[in-house]
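Enquirer: Before I ask anything, let me first share the structure, which is written out below as structure tokens.
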Amino acid sequence: MPDETSLQEAVEASHKVRLQQGREETLWEKGDFLQFSLGNELYAFETKEIQEIIPSPKITHVPTAPEYVLGVFHNRGVIVPAIDLGGLLGLSHTTPLASGVRCVIIQAGKNAVAFIPDSIIGVMGLPVRAVESPLPAPSVEAGFVKGQIRLKDKIVVILDARAILEGSKIKAVR
Amino acid sequence: MAGDVTMLVFELAGIRYGTDISHILGMERMRGREPHEYDSEGRIIFPKYGPTRIVDIVENLGEGSGHSTGIGSLRVLVMQGEEDNAGVVVDKVRGVRKIPFTQVYPLPSLLEGTTSPAIFGIARDGEEVLFLVDLRNLVEDAGKKDEGNERPRERG
């Protein structure tokens, strides 16, 4: 029969193993990301941050709003602001109001905001551990970037919907 | 909350606004060729409303784009002020609308502080989006910026 000390050690060891298993599970946990292009770059949001993808709506310009606010539109009983995400991230040569494209509504808490990507590539499921720290960039310093994923010869930048939605952080990267 | 809210809908620099109709005494037309009669303080004398201080809010809401119509097509929304009447110059008056409370929304939080403080909400009129604006607030603000009257500025 084991004495009290060895039992305690066994409990601690068991706890460590469980923690390790939990960590392994976390490392292998999969996340779904909506991948899209803006300018010449590839970006993604976690699908849990995506509220809806809709046909490009009629956007009403907001008087005196900053350049990155494209306007507002009505969607299912809610007024949604639309932003020029490319402009916000400091990209040039983006087409914030291209016609015939789709609009992505992202959400964090009760707030939502929409943007119009150049193209939507699709949803990719990847282990969360595949997300690396982002390379230094103004958009990273602004807090808009969670990380990046390497896919063969491409890098997909993972954006943070909450940071983009927080009014205090909304300021264009210039 | 049930019921409707009645608002006057007008257009300025291509954007539609809704304002509380109870603040508006009436409407006049800006004259292009035939000049108005002015009093010694430079206020236009409208026969129906008397001396009216003209306030051009296109600088506050129009982002410097100026009016989208010629001076002769502009309308003046006459409001009762503390000392005299104020005439707010707008491009077009679209009429009076009854809009259900369910179609009236606060400004999205992301827009708070980014647009004119006189804009306090948004309403949906069919497929159109209207910005709800407190004209009294704009008149006070414009009055502080421009002591006296001004001539409406056309786009160009």
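Labeling convention for the structure tokens: chains A, B, ... as they appear, residues from 1 per chain, ligands from 1 in order of appearance.
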List every residue of chain B that has an atom at most 6 Å from any atom of chain A, and for each one report the closest atom pair and its distance in Å to one decimal, counting only C-alpha atoms, with rows sorted by chain and then by increasing residue number, as a Markdown table.
Expert:
| residue | atom | partner | partner_atom | distance |
| --- | --- | --- | --- | --- |
| B:Leu61 | CA | A:Pro63 | CA | 5.7 |
| B:Glu63 | CA | A:Thr64 | CA | 5.8 |
| B:Leu110 | CA | A:Gly167 | CA | 5.1 |
| B:Thr114 | CA | A:Ala65 | CA | 5.2 |
| B:Thr115 | CA | A:Ala65 | CA | 4.8 |
Enquirer: Write the selection just made, keeping C-alpha atoms, as a PDB file, in the first residue's frame?
Expert:
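Written output follows (part08.pdb):
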ATOM      1  CA  LEU B  61     -22.513  68.394 -43.153  1.00  0.00           C
ATOM      2  CA  GLU B  63     -17.726  68.088 -46.347  1.00  0.00           C
ATOM      3  CA  LEU B 110     -18.317  52.658 -34.328  1.00  0.00           C
ATOM      4  CA  THR B 114     -16.686  60.336 -36.064  1.00  0.00           C
ATOM      5  CA  THR B 115     -19.512  62.370 -37.569  1.00  0.00           C
TER       6      THR B 115
END
Enquirer: For Leu74 in chain B, please output as a PyMOL selection string all residues within 12 Å (counting only C-alpha atoms; exclusion window: fewer than 3 positions along the same chain).
Expert: chain B and resi 10-13+27-32+56+58+66-71+77+87-93+151-154
Enquirer: I need the helix (DSSP H, G or I) residues of range 32-168 of chain A per DSSP on the backbone, written as a ChimeraX atom specification.
Expert: /A:47-49,85-88,128-130,138-141,161-165
Enquirer: Output as a PyMOL selection string all residues of range 32-140 of chain A that backbone DSSP marks as strand (DSSP E or B).
Expert: chain A and resi 32-38+41-46+50-55+60+69-75+78-83+102-108+111-115+119-127+132
Enquirer: List the neighbours of Gly3 in chain B out to 12 Å using only C-alpha atoms; skip same-chain residues closer than 4 positions along the sequence, and give me the result as a PyMOL selection string.
Expert: chain B and resi 98-104
Enquirer: Between A:Ile54, A:Lys146, A:Val123, A:Leu89, which one has atoms that come closest to Asp32 in chain A, using only C-alpha atoms?
Expert: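 Distance minimum relative to Asp32 in chain A lands on A:Val123.
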Enquirer: Tell me which protein, DNA and RNA residues are within 7 Å of Tyr68 in chain A, counting only C-alpha atoms, leaving out same-chain ones fewer than 3 positions away, and put them as an MDAnalysis selection string.
Expert: chainID A and resid 83:84 87:88 172
Enquirer: Could you save those same residues with C-alpha atoms as a PDB file, in the first residue's frame?
Expert:
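That gives us part-v7.pdb:
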ATOM      1  CA  ILE A  83     -15.350  50.185 -43.556  1.00  0.00           C
ATOM      2  CA  ASP A  84     -12.550  50.244 -46.082  1.00  0.00           C
ATOM      3  CA  GLY A  87      -7.419  51.413 -46.252  1.00  0.00           C
ATOM      4  CA  LEU A  88      -7.578  50.720 -42.521  1.00  0.00           C
ATOM      5  CA  ALA A 172      -6.259  54.089 -40.330  1.00  0.00           C
TER       6      ALA A 172
END
